[in-house]
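What follows is the content of run.csv, which has CSV, C-alpha atoms and all ligand atoms:
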```csv
chain,number,residue,atom,x,y,z
A,83,MET,CA,11.3,4.8,59.4
A,84,THR,CA,10.1,1.2,59.2
A,85,ASN,CA,6.6,0.5,57.8
A,86,ARG,CA,3.7,0.8,60.3
A,87,ILE,CA,2.2,-2.6,61.4
A,88,PHE,CA,-1.5,-2.3,61.7
A,89,TYR,CA,-3.4,-4.4,64.2
A,90,THR,CA,-6.1,-5.7,61.8
A,91,LYS,CA,-6.9,-5.4,58.2
A,92,PRO,CA,-9.3,-7.7,56.2
A,93,SER,CA,-8.0,-10.3,53.8
A,94,ILE,CA,-9.7,-9.5,50.4
A,95,THR,CA,-9.0,-11.4,47.3
A,96,GLN,CA,-10.3,-11.4,43.7
A,97,LEU,CA,-13.1,-13.7,44.8
A,98,GLU,CA,-14.6,-11.0,47.1
A,99,THR,CA,-14.3,-8.2,44.5
A,100,ASP,CA,-15.8,-10.5,41.8
A,101,TYR,CA,-18.8,-11.4,44.0
A,102,ALA,CA,-19.3,-7.7,45.0
A,103,ALA,CA,-19.1,-6.6,41.4
A,104,ASP,CA,-21.6,-9.3,40.4
A,105,ALA,CA,-24.0,-8.2,43.1
A,106,ALA,CA,-23.7,-4.6,42.1
A,107,ALA,CA,-24.3,-5.4,38.4
A,108,THR,CA,-27.0,-8.1,38.7
A,109,GLY,CA,-28.3,-8.3,42.2
A,110,TRP,CA,-31.4,-6.3,41.8
A,111,GLY,CA,-35.1,-6.9,41.1
A,112,ALA,CA,-35.9,-10.6,41.3
A,113,ARG,CA,-32.3,-11.3,42.4
A,114,CYS,CA,-32.0,-8.7,45.1
A,115,TYR,CA,-31.9,-11.3,47.9
A,116,ASP,CA,-29.8,-14.0,46.1
A,117,TYR,CA,-26.5,-13.4,48.0
A,118,ILE,CA,-28.3,-12.7,51.3
A,119,ASN,CA,-30.1,-16.1,51.0
A,120,ARG,CA,-26.9,-17.9,50.0
A,121,PHE,CA,-24.9,-16.3,52.9
A,122,GLU,CA,-27.5,-17.2,55.5
A,123,ARG,CA,-27.7,-20.8,54.1
A,124,ASP,CA,-24.0,-21.3,54.0
A,125,PHE,CA,-23.4,-19.7,57.4
A,126,LYS,CA,-25.9,-21.8,59.2
A,127,THR,CA,-24.5,-24.9,57.5
A,128,TYR,CA,-20.9,-23.9,58.6
A,129,LEU,CA,-22.1,-23.3,62.1
A,130,GLY,CA,-24.4,-26.2,62.6
A,131,SER,CA,-27.4,-24.1,63.5
A,132,ASP,CA,-30.9,-24.5,62.0
A,133,PHE,CA,-31.6,-20.8,61.2
A,134,ALA,CA,-29.7,-17.6,60.4
A,135,ILE,CA,-30.7,-14.0,59.7
A,136,ALA,CA,-28.0,-11.7,58.3
A,137,THR,CA,-28.0,-8.3,59.9
A,138,SER,CA,-26.3,-4.9,59.5
A,139,SER,CA,-24.2,-5.6,62.7
A,140,CYS,CA,-23.7,-7.9,65.6
A,141,THR,CA,-25.2,-5.2,67.8
A,142,GLY,CA,-28.4,-5.3,65.8
A,143,ALA,CA,-28.5,-9.1,65.9
A,144,MET,CA,-28.2,-9.0,69.8
A,145,HIS,CA,-30.8,-6.2,70.0
A,146,MET,CA,-33.4,-8.3,68.1
A,147,GLY,CA,-32.5,-11.5,69.9
A,148,LEU,CA,-32.9,-10.0,73.4
A,149,ALA,CA,-36.1,-8.3,72.3
A,150,ALA,CA,-37.5,-11.6,71.0
A,151,LEU,CA,-36.7,-13.2,74.4
A,152,GLY,CA,-39.1,-10.5,75.7
A,153,ILE,CA,-36.5,-8.6,77.7
A,154,GLY,CA,-37.6,-5.1,78.8
A,155,GLU,CA,-38.2,-2.7,81.6
A,156,GLY,CA,-37.4,-4.2,85.1
A,157,ASP,CA,-35.5,-7.2,83.7
A,158,GLU,CA,-31.8,-8.0,84.5
A,159,VAL,CA,-29.3,-9.4,82.1
A,160,ILE,CA,-26.0,-10.9,83.4
A,161,LEU,CA,-22.8,-10.3,81.3
A,162,ALA,CA,-19.1,-10.2,81.8
A,163,ASP,CA,-17.6,-6.8,82.9
A,164,THR,CA,-14.9,-7.5,80.3
A,165,ASN,CA,-16.7,-6.8,77.1
A,166,TRP,CA,-17.1,-4.5,74.1
A,167,VAL,CA,-19.8,-1.8,74.7
A,168,ALA,CA,-21.8,-3.3,71.8
A,169,THR,CA,-22.8,-6.2,74.1
A,170,VAL,CA,-24.4,-4.0,76.7
A,171,SER,CA,-26.0,-1.2,74.6
A,172,PRO,CA,-28.9,-3.4,73.4
A,173,ILE,CA,-29.7,-4.3,77.1
A,174,VAL,CA,-29.9,-0.6,77.9
A,175,HIS,CA,-31.9,0.3,74.8
A,176,LEU,CA,-34.5,-2.3,75.9
A,177,GLY,CA,-34.8,-0.7,79.3
A,178,ALA,CA,-33.3,-3.6,81.1
A,179,LYS,CA,-30.5,-3.5,83.7
A,180,PRO,CA,-27.1,-4.9,82.9
A,181,VAL,CA,-25.5,-6.9,85.7
A,182,PHE,CA,-21.7,-6.9,85.2
A,183,VAL,CA,-19.9,-9.9,86.8
A,184,ASP,CA,-16.2,-10.8,86.9
A,185,VAL,CA,-14.3,-12.9,84.5
A,186,LEU,CA,-11.9,-15.9,85.0
A,187,PRO,CA,-8.2,-15.0,85.3
A,188,ASP,CA,-7.1,-17.3,82.5
A,189,SER,CA,-9.8,-17.2,79.8
A,190,TRP,CA,-10.9,-13.6,80.5
A,191,CYS,CA,-14.4,-14.9,79.9
A,192,ILE,CA,-17.4,-14.7,82.3
A,193,ASP,CA,-17.0,-16.7,85.6
A,194,PRO,CA,-19.9,-19.2,85.9
A,195,GLU,CA,-19.8,-19.0,89.7
A,196,GLU,CA,-20.2,-15.2,89.6
A,197,VAL,CA,-23.1,-15.7,87.2
A,198,GLU,CA,-24.7,-18.0,89.7
A,199,ARG,CA,-24.2,-15.5,92.6
A,200,HIS,CA,-25.9,-12.7,90.7
A,201,ILE,CA,-29.0,-14.5,89.6
A,202,THR,CA,-32.2,-12.9,91.0
A,203,PRO,CA,-35.9,-13.4,90.2
A,204,LYS,CA,-35.5,-10.6,87.6
A,205,THR,CA,-32.7,-12.3,85.6
A,206,LYS,CA,-33.9,-12.9,82.1
A,207,ALA,CA,-30.8,-13.8,80.2
A,208,ILE,CA,-27.1,-14.6,80.6
A,209,ILE,CA,-24.7,-13.4,77.8
A,210,ALA,CA,-21.6,-15.5,77.2
A,211,THR,CA,-19.1,-13.4,75.3
A,212,HIS,CA,-16.2,-15.5,73.8
A,213,ILE,CA,-13.7,-12.8,74.3
A,214,TYR,CA,-10.9,-12.5,71.7
A,215,GLY,CA,-11.8,-16.0,70.4
A,216,ASN,CA,-11.4,-17.6,73.9
A,217,LEU,CA,-14.2,-19.9,74.8
A,218,CYS,CA,-16.6,-19.4,77.8
A,219,ASP,CA,-17.1,-22.4,80.1
A,220,MET,CA,-20.3,-23.4,78.2
A,221,ASP,CA,-20.9,-26.6,80.1
A,222,ALA,CA,-21.1,-24.7,83.4
A,223,LEU,CA,-23.2,-21.9,81.9
A,224,LEU,CA,-25.6,-24.2,80.0
A,225,GLU,CA,-26.1,-26.2,83.2
A,226,ILE,CA,-27.0,-23.0,85.1
A,227,GLY,CA,-29.4,-22.1,82.3
A,228,LYS,CA,-31.0,-25.5,82.3
A,229,ARG,CA,-31.4,-25.6,86.1
A,230,THR,CA,-32.8,-22.0,86.3
A,231,GLY,CA,-34.7,-21.8,83.0
A,232,ILE,CA,-32.7,-18.6,82.1
A,233,PRO,CA,-31.6,-18.5,78.5
A,234,VAL,CA,-27.9,-18.4,77.9
A,235,VAL,CA,-27.0,-16.5,74.7
A,236,GLU,CA,-23.7,-16.2,73.0
A,237,ASP,CA,-21.9,-13.1,71.7
A,238,ALA,CA,-19.7,-14.9,69.3
A,239,ALA,CA,-18.6,-11.7,67.5
A,240,GLU,CA,-15.0,-12.5,68.1
A,241,ALA,CA,-15.2,-16.3,68.0
A,242,ILE,CA,-15.7,-17.5,64.4
A,243,GLY,CA,-13.6,-20.6,64.1
A,244,SER,CA,-13.7,-21.4,67.9
A,245,VAL,CA,-15.0,-24.9,68.7
A,246,TYR,CA,-16.1,-26.2,72.1
A,247,HIS,CA,-16.0,-30.0,72.3
A,248,GLY,CA,-17.2,-30.4,68.7
A,249,ARG,CA,-19.7,-27.5,68.7
A,250,ARG,CA,-19.0,-24.2,67.2
A,251,ALA,CA,-19.1,-21.0,69.2
A,252,GLY,CA,-22.4,-19.3,68.6
A,253,SER,CA,-24.3,-22.6,68.1
A,254,MET,CA,-24.7,-23.7,71.7
A,255,GLY,CA,-26.9,-21.1,73.4
A,256,ALA,CA,-30.6,-20.0,72.9
A,257,PHE,CA,-29.1,-17.9,70.1
A,258,GLY,CA,-25.8,-16.6,68.9
A,259,THR,CA,-24.6,-13.4,67.3
A,260,PHE,CA,-21.6,-12.7,65.0
A,261,SER,CA,-20.0,-9.5,63.8
A,262,PHE,CA,-18.5,-9.0,60.3
A,263,HIS,CA,-17.1,-5.6,61.0
A,264,GLY,CA,-13.9,-4.8,59.1
A,265,THR,CA,-11.7,-5.7,62.1
A,266,LYS,CA,-13.1,-9.2,62.5
A,267,THR,CA,-11.7,-12.5,61.1
A,268,LEU,CA,-14.5,-12.7,58.5
A,269,THR,CA,-15.8,-9.4,57.2
A,270,THR,CA,-18.5,-7.8,55.1
A,271,GLY,CA,-17.3,-4.3,55.9
A,272,GLU,CA,-20.1,-3.8,58.4
A,273,GLY,CA,-22.4,-6.7,59.1
A,274,GLY,CA,-23.5,-9.4,61.5
A,275,ILE,CA,-25.7,-12.4,61.8
A,276,PHE,CA,-28.3,-13.9,64.2
A,277,VAL,CA,-28.3,-17.7,64.5
A,278,THR,CA,-30.5,-20.1,66.4
A,279,SER,CA,-31.9,-23.7,66.3
A,280,ASP,CA,-35.1,-22.6,68.1
A,281,GLY,CA,-37.8,-22.3,65.4
A,282,ALA,CA,-40.2,-20.2,67.4
A,283,LEU,CA,-37.4,-17.7,68.4
A,284,TYR,CA,-36.3,-17.6,64.7
A,285,GLU,CA,-39.9,-16.7,63.6
A,286,ARG,CA,-40.1,-13.9,66.2
A,287,VAL,CA,-36.7,-12.4,65.2
A,288,LEU,CA,-37.6,-12.7,61.5
A,289,THR,CA,-40.8,-10.7,62.1
A,290,LEU,CA,-38.9,-8.1,64.2
A,291,SER,CA,-36.2,-7.9,61.5
A,292,ASN,CA,-38.8,-7.1,58.9
A,293,HIS,CA,-40.3,-4.0,60.6
A,294,GLY,CA,-42.6,-6.2,62.5
A,295,ARG,CA,-44.3,-7.7,59.4
A,296,ALA,CA,-45.0,-11.4,60.0
A,297,ARG,CA,-44.2,-13.9,57.3
A,298,GLY,CA,-47.8,-15.1,56.8
A,299,GLN,CA,-49.2,-11.6,56.7
A,300,THR,CA,-50.8,-11.2,53.3
A,301,LYS,CA,-52.0,-7.6,53.7
A,302,GLN,CA,-49.4,-5.4,52.1
A,303,PHE,CA,-47.5,-2.8,54.2
A,304,TRP,CA,-49.1,-4.1,57.3
A,305,PRO,CA,-46.8,-4.5,60.3
A,306,ASP,CA,-48.2,-6.4,63.2
A,307,ALA,CA,-45.7,-5.0,65.7
A,308,ILE,CA,-43.0,-2.3,66.0
A,309,GLY,CA,-39.9,-4.0,64.7
A,310,PHE,CA,-36.3,-3.2,63.7
A,311,LYS,CA,-34.5,-2.4,60.5
A,312,TYR,CA,-31.1,-4.1,60.8
A,313,LYS,CA,-30.7,-5.8,57.4
A,314,MET,CA,-27.6,-6.7,55.5
A,315,SER,CA,-27.4,-5.5,51.9
A,316,ASN,CA,-27.0,-8.0,49.0
A,317,ILE,CA,-23.6,-6.5,48.1
A,318,GLN,CA,-22.3,-7.0,51.7
A,319,ALA,CA,-23.6,-10.5,51.6
A,320,ALA,CA,-21.8,-11.1,48.3
A,321,ILE,CA,-18.5,-10.2,50.0
A,322,GLY,CA,-19.6,-12.5,52.9
A,323,CYS,CA,-20.2,-15.4,50.6
A,324,ALA,CA,-16.6,-15.1,49.3
A,325,GLN,CA,-15.2,-14.8,52.8
A,326,LEU,CA,-17.2,-17.8,53.9
A,327,GLU,CA,-15.7,-19.9,51.1
A,328,ARG,CA,-12.3,-19.0,52.6
A,329,VAL,CA,-13.3,-19.3,56.3
A,330,GLU,CA,-11.0,-22.2,57.0
A,331,GLU,CA,-8.1,-20.4,55.5
A,332,LEU,CA,-8.9,-17.2,57.3
A,333,VAL,CA,-9.2,-18.9,60.7
A,334,ALA,CA,-6.1,-21.1,60.1
A,335,ARG,CA,-4.0,-17.9,59.4
A,336,LYS,CA,-5.2,-16.3,62.7
A,337,ARG,CA,-4.3,-19.4,64.6
A,338,GLU,CA,-0.9,-19.5,62.9
A,339,ILE,CA,-0.2,-15.9,63.9
A,340,LEU,CA,-1.2,-16.6,67.6
A,341,ALA,CA,1.0,-19.7,67.6
A,342,ALA,CA,3.9,-17.8,66.1
A,343,TYR,CA,3.7,-15.2,68.9
A,344,MET,CA,3.5,-17.9,71.5
A,345,VAL,CA,6.7,-19.5,70.2
A,346,ARG,CA,8.5,-16.2,70.3
A,347,LEU,CA,7.2,-14.9,73.6
A,348,SER,CA,6.8,-18.1,75.8
A,349,ALA,CA,10.2,-17.5,77.4
A,350,LEU,CA,9.0,-14.2,78.9
A,351,PRO,CA,8.4,-14.7,82.6
A,352,GLY,CA,4.9,-14.1,83.8
A,353,ILE,CA,3.3,-13.8,80.3
A,354,SER,CA,0.1,-15.6,79.4
A,355,MET,CA,-1.8,-15.5,76.1
A,356,ASN,CA,-5.1,-16.8,74.7
A,357,PRO,CA,-5.6,-20.2,76.1
A,358,GLU,CA,-6.8,-23.3,74.3
A,359,TYR,CA,-8.2,-26.0,76.6
A,360,SER,CA,-8.2,-29.7,75.7
A,361,GLY,CA,-11.2,-30.5,73.4
A,362,THR,CA,-11.5,-27.0,72.2
A,363,ILE,CA,-10.2,-24.9,69.3
A,364,ASN,CA,-9.5,-21.2,69.8
A,365,GLY,CA,-10.3,-19.2,66.6
A,366,ALA,CA,-7.6,-16.7,67.7
A,367,TRP,CA,-9.3,-13.5,66.6
A,368,MET,CA,-7.0,-11.3,68.6
A,369,PRO,CA,-3.7,-12.5,70.1
A,370,THR,CA,-3.4,-10.9,73.5
A,371,ALA,CA,-0.6,-10.8,76.0
A,372,VAL,CA,-1.4,-10.5,79.7
A,373,PHE,CA,1.4,-10.1,82.2
A,374,HIS,CA,1.4,-11.3,85.8
A,375,PRO,CA,1.2,-8.4,88.3
A,376,SER,CA,4.6,-9.5,89.7
A,377,THR,CA,6.3,-8.6,86.4
A,378,GLY,CA,5.6,-4.9,86.9
A,379,THR,CA,4.7,-4.7,83.2
A,380,THR,CA,2.0,-2.1,82.5
A,381,ARG,CA,-0.2,-1.3,79.6
A,382,GLU,CA,1.5,2.2,79.3
A,383,MET,CA,4.9,0.6,79.1
A,384,MET,CA,3.8,-1.6,76.2
A,385,GLN,CA,1.9,1.2,74.5
A,386,GLN,CA,5.1,3.3,74.6
A,387,ALA,CA,7.3,0.6,73.3
A,388,PHE,CA,4.9,-0.2,70.4
A,389,GLU,CA,4.4,3.4,69.5
A,390,ALA,CA,8.2,3.9,69.4
A,391,ALA,CA,8.4,0.8,67.1
A,392,ASN,CA,5.7,2.1,64.8
A,393,ILE,CA,3.3,-0.7,65.6
A,394,ASP,CA,-0.4,-0.5,66.4
A,395,ALA,CA,-1.3,-2.2,69.6
A,396,ARG,CA,-4.8,-2.1,71.1
A,397,VAL,CA,-5.6,-1.8,74.7
A,398,PHE,CA,-7.5,-4.7,76.4
A,399,PHE,CA,-11.2,-3.8,76.9
A,400,TYR,CA,-11.7,-1.5,79.9
A,401,PRO,CA,-14.3,-3.0,82.3
A,402,LEU,CA,-17.8,-1.8,81.2
A,403,SER,CA,-18.7,-0.9,84.8
A,404,SER,CA,-15.8,1.7,84.7
A,405,LEU,CA,-17.6,3.6,82.0
A,406,ASP,CA,-19.2,6.9,83.1
A,407,MET,CA,-22.7,5.5,82.2
A,408,PHE,CA,-22.5,2.8,84.8
A,409,GLU,CA,-21.7,2.3,88.4
A,410,ASP,CA,-18.1,1.2,89.2
A,411,ARG,CA,-17.8,-2.5,90.2
A,412,PRO,CA,-14.1,-2.8,91.2
A,413,GLU,CA,-15.0,-5.9,93.1
A,414,ASN,CA,-14.8,-7.5,89.6
A,415,ALA,CA,-11.2,-7.9,90.4
A,416,ASN,CA,-10.0,-9.7,87.3
A,417,ALA,CA,-11.9,-7.5,84.9
A,418,TRP,CA,-10.5,-4.4,86.6
A,419,SER,CA,-6.9,-5.6,87.0
A,420,ILE,CA,-6.1,-7.4,83.7
A,421,PRO,CA,-6.5,-4.3,81.3
A,422,GLY,CA,-3.7,-2.5,83.2
A,423,ARG,CA,-1.2,-5.2,82.3
A,424,ALA,CA,-2.4,-6.5,78.9
A,425,ILE,CA,-2.2,-5.6,75.2
A,426,ASN,CA,-3.7,-6.9,72.0
A,427,LEU,CA,-1.1,-7.7,69.3
A,428,PRO,CA,-1.4,-7.1,65.6
A,429,SER,CA,-2.8,-10.1,63.7
A,430,TYR,CA,-4.0,-9.3,60.2
A,431,HIS,CA,-3.9,-12.2,57.8
A,432,ASP,CA,-1.3,-10.7,55.4
A,433,MET,CA,1.3,-9.8,58.0
A,434,SER,CA,4.7,-11.3,57.3
A,435,GLU,CA,6.9,-13.4,59.5
A,436,ALA,CA,9.2,-10.4,59.7
A,437,ASP,CA,6.3,-8.3,61.0
A,438,ILE,CA,5.6,-10.9,63.7
A,439,ASP,CA,9.3,-11.0,64.6
A,440,ARG,CA,9.3,-7.2,65.0
A,441,VAL,CA,6.2,-7.2,67.3
A,442,ALA,CA,7.6,-10.0,69.4
A,443,ALA,CA,11.1,-8.3,69.6
A,444,THR,CA,9.5,-5.1,70.8
A,445,LEU,CA,7.9,-6.9,73.7
A,446,LEU,CA,11.1,-8.9,74.5
A,447,GLU,CA,13.3,-5.8,74.4
A,448,MET,CA,10.8,-3.9,76.6
A,449,ALA,CA,10.9,-6.7,79.1
A,450,ALA,CA,14.7,-7.0,79.0
A,451,GLY,CA,15.0,-3.2,79.5
A,452,ARG,CA,12.7,-3.3,82.4
A,453,THR,CA,14.5,-6.1,84.1
A,454,TYR,CA,17.8,-4.3,83.7
A,455,HIS,CA,16.3,-1.1,85.2
A,456,ASN,CA,14.8,-3.1,88.1
A,457,SER,CA,18.1,-4.8,88.9
A,458,THR,CA,20.0,-1.5,88.8
A,459,ALA,CA,17.4,0.0,91.2
A,460,LEU,CA,17.8,-3.1,93.3
A,461,ARG,CA,21.6,-2.8,93.4
A,462,ARG,CA,21.4,0.8,94.3
A,463,SER,CA,19.0,0.2,97.2
A,464,VAL,CA,21.1,-2.6,98.7
A,501,LIG,C1,-17.2,-6.4,67.4
A,501,LIG,C2,-18.0,-6.8,68.6
A,501,LIG,C3,-19.4,-6.5,68.7
A,501,LIG,C4,-20.1,-5.6,67.8
A,501,LIG,O1,-20.1,-5.9,66.5
A,501,LIG,P1,-20.8,-4.9,65.4
A,501,LIG,O2,-20.9,-5.7,64.2
A,501,LIG,O3,-19.8,-3.8,65.3
A,501,LIG,O4,-22.1,-4.5,66.0
A,501,LIG,C5,-20.1,-7.1,69.7
A,501,LIG,N1,-19.5,-7.8,70.7
A,501,LIG,C6,-18.2,-8.1,70.6
A,501,LIG,C7,-17.6,-8.9,71.7
A,501,LIG,C8,-17.4,-7.5,69.6
A,501,LIG,O5,-16.1,-7.8,69.6
```
In structure tokens, how does this file's structure come out?
Ligand SMILES: *Cc1c(COP(=O)(O)O)cnc(C)c1O
Amino acid sequence: MTNRIFYTKPSITQLETDYAADAAATGWGARCYDYINRFERDFKTYLGSDFAIATSSCTGAMHMGLAALGIGEGDEVILADTNWVATVSPIVHLGAKPVFVDVLPDSWCIDPEEVERHITPKTKAIIATHIYGNLCDMDALLEIGKRTGIPVVEDAAEAIGSVYHGRRAGSMGAFGTFSFHGTKTLTTGEGGIFVTSDGALYERVLTLSNHGRARGQTKQFWPDAIGFKYKMSNIQAAIGCAQLERVEELVARKREILAAYMVRLSALPGISMNPEYSGTINGAWMPTAVFHPSTGTTREMMQQAFEAANIDARVFFYPLSSLDMFEDRPENANAWSIPGRAINLPSYHDMSEADIDRVAATLLEMAAGRTYHNSTALRRSV
């Protein structure tokens, strides 16, 4: 049997293990925040944002950010139906109502016209998730935000390395959140970060992130509000510092893998992959193939072909509104139709050219086989 090709796996070098070992050996007492402070400083510099707070996850960063915007009972938050559940759970935890809207057919990101159509007097935020590294139409979304006074926030968990007309994903909205989960381009095992250039919002999240203890509070063990405990550890931050020194290399390899798939698969009729519009850079977290309905290619056919070839392939996100906790919104036609004819392809940094060839060949052979079967069926029916 050939080796199994995994869909993601972090890229860990001597640098990460050295920093982690140093944090474990020396990062205590007076030095217990050294790597955290350095990671926050280096990350906000990399992103071009004024403030950053490292967290235990992207979910936690989103939870605190939405709480700091004052979102709660009776409020509505608009987000794309195509999303990971982590984007919606903080909305639900805060007692607000998620409003799922459709995505664009080519970027698989939130459709600004659909956002506009779903704004009500209760709308308190719009979440722009840059899905798989693809960028949302931020000009249109920020224009809506400006005109209506509704904050646009960015879930950039999947979009490190993505750049929109000179500005990095996560740095454009009222705040941005990132994930450093083990499957993401840059990892700390588990982890995340909150970023913003709004000083007042930063202060509110900082207080919330410290169990509600305000920075200026001199009375010991005295919280001024009920807050959260979503902190990143110094050891995780040490790994993050090493990854951040390598971020250009990590993103470049992701982009190389996506480009390699595109070269090999572009001849397939009816296939589209992660787009990169002029003036933008796609960080290419997860190479994804979507087939046009006319091809007849289904998720199940692709899953079968990859399983037979000993390759991990991940299904495209199911629409959140299709989950049992929510009400179906099949009128979100793209979000409901794309997953049935799409697949995420393996893209870990250390995969070889031969691995990429094998993944591409599996799709090409599946497509060829299907065409053959179709034409036989056609001949029989004539
Ligand atoms: C990974 C991911 C998250 C959650 O990240 P965690 O760090 O696991 O909380 C949120 N949103 C999107 C779009 C993601 O891909």
Near stretch 104-109 of chain A, 12 Å: stretch 303-416 of chain A residue rows, closest pairs, only C-alpha atoms, as CSV:
```
residue,atom,partner,partner_atom,distance
A:Ser315,CA,A:Ala105,CA,9.8
A:Asn316,CA,A:Ala105,CA,6.6
A:Ile317,CA,A:Ala105,CA,5.3
A:Gln318,CA,A:Ala105,CA,8.8
A:Ala319,CA,A:Ala105,CA,8.8
A:Ala320,CA,A:Ala105,CA,6.3
A:Ile321,CA,A:Ala105,CA,9.0
A:Gly322,CA,A:Ala105,CA,11.6
A:Cys323,CA,A:Ala105,CA,11.1
A:Ala324,CA,A:Asp104,CA,11.7
```
Select from chain A every residue with an atom at most 10 Å from any atom of ligand LIG 501 (chain A), then for each give the shortest pair of atoms and their distance in Å to one decimal, using only C-alpha atoms and all ligand atoms, rows by chain and rising number, as a Markdown table.
```
| residue | atom | partner | partner_atom | distance |
| --- | --- | --- | --- | --- |
| A:Thr137 | CA | A:LIG501 | O2 | 8.7 |
| A:Ser138 | CA | A:LIG501 | O2 | 7.2 |
| A:Ser139 | CA | A:LIG501 | O2 | 3.6 |
| A:Cys140 | CA | A:LIG501 | O4 | 3.8 |
| A:Thr141 | CA | A:LIG501 | O4 | 3.7 |
| A:Gly142 | CA | A:LIG501 | O4 | 6.4 |
| A:Ala143 | CA | A:LIG501 | O4 | 7.9 |
| A:Met144 | CA | A:LIG501 | C5 | 8.3 |
| A:His145 | CA | A:LIG501 | O4 | 9.7 |
| A:Thr164 | CA | A:LIG501 | C7 | 9.1 |
| A:Asn165 | CA | A:LIG501 | C7 | 5.9 |
| A:Trp166 | CA | A:LIG501 | C7 | 5.0 |
| A:Val167 | CA | A:LIG501 | N1 | 7.2 |
| A:Ala168 | CA | A:LIG501 | C5 | 4.7 |
| A:Thr169 | CA | A:LIG501 | N1 | 5.0 |
| A:Val170 | CA | A:LIG501 | N1 | 8.6 |
| A:Ser171 | CA | A:LIG501 | C5 | 9.7 |
| A:Ala210 | CA | A:LIG501 | C7 | 9.5 |
| A:Thr211 | CA | A:LIG501 | C7 | 6.0 |
| A:His212 | CA | A:LIG501 | C7 | 7.1 |
| A:Ile213 | CA | A:LIG501 | C7 | 6.1 |
| A:Tyr214 | CA | A:LIG501 | O5 | 7.3 |
| A:Gly215 | CA | A:LIG501 | C7 | 9.3 |
| A:Glu236 | CA | A:LIG501 | C7 | 9.6 |
| A:Asp237 | CA | A:LIG501 | N1 | 5.9 |
| A:Ala238 | CA | A:LIG501 | C7 | 6.8 |
| A:Ala239 | CA | A:LIG501 | C6 | 4.8 |
| A:Glu240 | CA | A:LIG501 | O5 | 5.1 |
| A:Ala241 | CA | A:LIG501 | C7 | 8.6 |
| A:Thr259 | CA | A:LIG501 | C5 | 8.1 |
| A:Phe260 | CA | A:LIG501 | O2 | 7.1 |
| A:Ser261 | CA | A:LIG501 | O2 | 3.9 |
| A:Phe262 | CA | A:LIG501 | O2 | 5.6 |
| A:His263 | CA | A:LIG501 | O2 | 5.0 |
| A:Gly264 | CA | A:LIG501 | O3 | 8.6 |
| A:Thr265 | CA | A:LIG501 | C1 | 7.7 |
| A:Lys266 | CA | A:LIG501 | C1 | 7.0 |
| A:Thr269 | CA | A:LIG501 | O2 | 9.4 |
| A:Thr270 | CA | A:LIG501 | O2 | 9.6 |
| A:Gly271 | CA | A:LIG501 | O2 | 9.2 |
| A:Glu272 | CA | A:LIG501 | O2 | 6.2 |
| A:Gly273 | CA | A:LIG501 | O2 | 5.4 |
| A:Gly274 | CA | A:LIG501 | O2 | 5.3 |
| A:Ile275 | CA | A:LIG501 | O2 | 8.6 |
| A:Trp367 | CA | A:LIG501 | O5 | 9.4 |
| A:Met368 | CA | A:LIG501 | O5 | 9.8 |
| A:Phe399 | CA | A:LIG501 | O5 | 9.7 |
```
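Across A:Thr95, A:Ser244, A:Thr278, A:Asn292, the tightest approach to A:Gly130 is made by A:Thr278 when counting all atoms listed in the file.
The protein and nucleic acid residues lying at most 12 Å from A:Glu413 are Asp163, Phe182, Val183, Asp184, Val185, Glu196, Pro401, Ser403, Ser404 and Ser419 of chain A, with only C-alpha atoms considered and sequence neighbours fewer than 6 positions away removed.
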| message | Neighbouring residues of A:Asp437 were defined as those with any atom within 12 Å, considering all atoms listed in the file; residues of the same chain fewer than 3 positions away were excluded. Please report them as a ChimeraX atom specification. | response | /A:84-89,339,342-343,391-394,427-434,440-444
| field | Surrounding residues of A:Asp306 excluding itself and chain neighbours under 6 positions, 12 Å, all atoms listed in the file, as number ranges by chain | value | A: 286, 289-290, 292-300
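If you count only C-alpha atoms and ignore residues fewer than 2 places along the chain from A:Pro187, what sits within 12 Å of it is Thr164, Asp184, Val185, Ser189, Trp190, Cys191, Ile192, Asp193, Ser354, Met355, Asn356, Pro357, Val372, Phe373, His374, Pro375, Asn414, Ala415, Asn416, Ala417, Trp418, Ser419, Ile420 and Pro421 of chain A.
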Restrict the selected residues to C-alpha atoms and save them as a compact mmCIF listing (two decimals), in the frame of the given file.
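Listing of part-v4.txt after writing:
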```
# COMPACT_ATOMS: atom_id res chain seq x y z
CA THR A 164 -14.90 -7.50 80.30
CA ASP A 184 -16.20 -10.80 86.90
CA VAL A 185 -14.30 -12.90 84.50
CA SER A 189 -9.80 -17.20 79.80
CA TRP A 190 -10.90 -13.60 80.50
CA CYS A 191 -14.40 -14.90 79.90
CA ILE A 192 -17.40 -14.70 82.30
CA ASP A 193 -17.00 -16.70 85.60
CA SER A 354 0.10 -15.60 79.40
CA MET A 355 -1.80 -15.50 76.10
CA ASN A 356 -5.10 -16.80 74.70
CA PRO A 357 -5.60 -20.20 76.10
CA VAL A 372 -1.40 -10.50 79.70
CA PHE A 373 1.40 -10.10 82.20
CA HIS A 374 1.40 -11.30 85.80
CA PRO A 375 1.20 -8.40 88.30
CA ASN A 414 -14.80 -7.50 89.60
CA ALA A 415 -11.20 -7.90 90.40
CA ASN A 416 -10.00 -9.70 87.30
CA ALA A 417 -11.90 -7.50 84.90
CA TRP A 418 -10.50 -4.40 86.60
CA SER A 419 -6.90 -5.60 87.00
CA ILE A 420 -6.10 -7.40 83.70
CA PRO A 421 -6.50 -4.30 81.30
```
| said: Counting only C-alpha atoms, which residues sit no farther than 6 Å from the position (-27.3, -18.4, 72.0) in the file's frame? I'd like them as a ChimeraX atom specification. | reply: /A:234-236,254-258
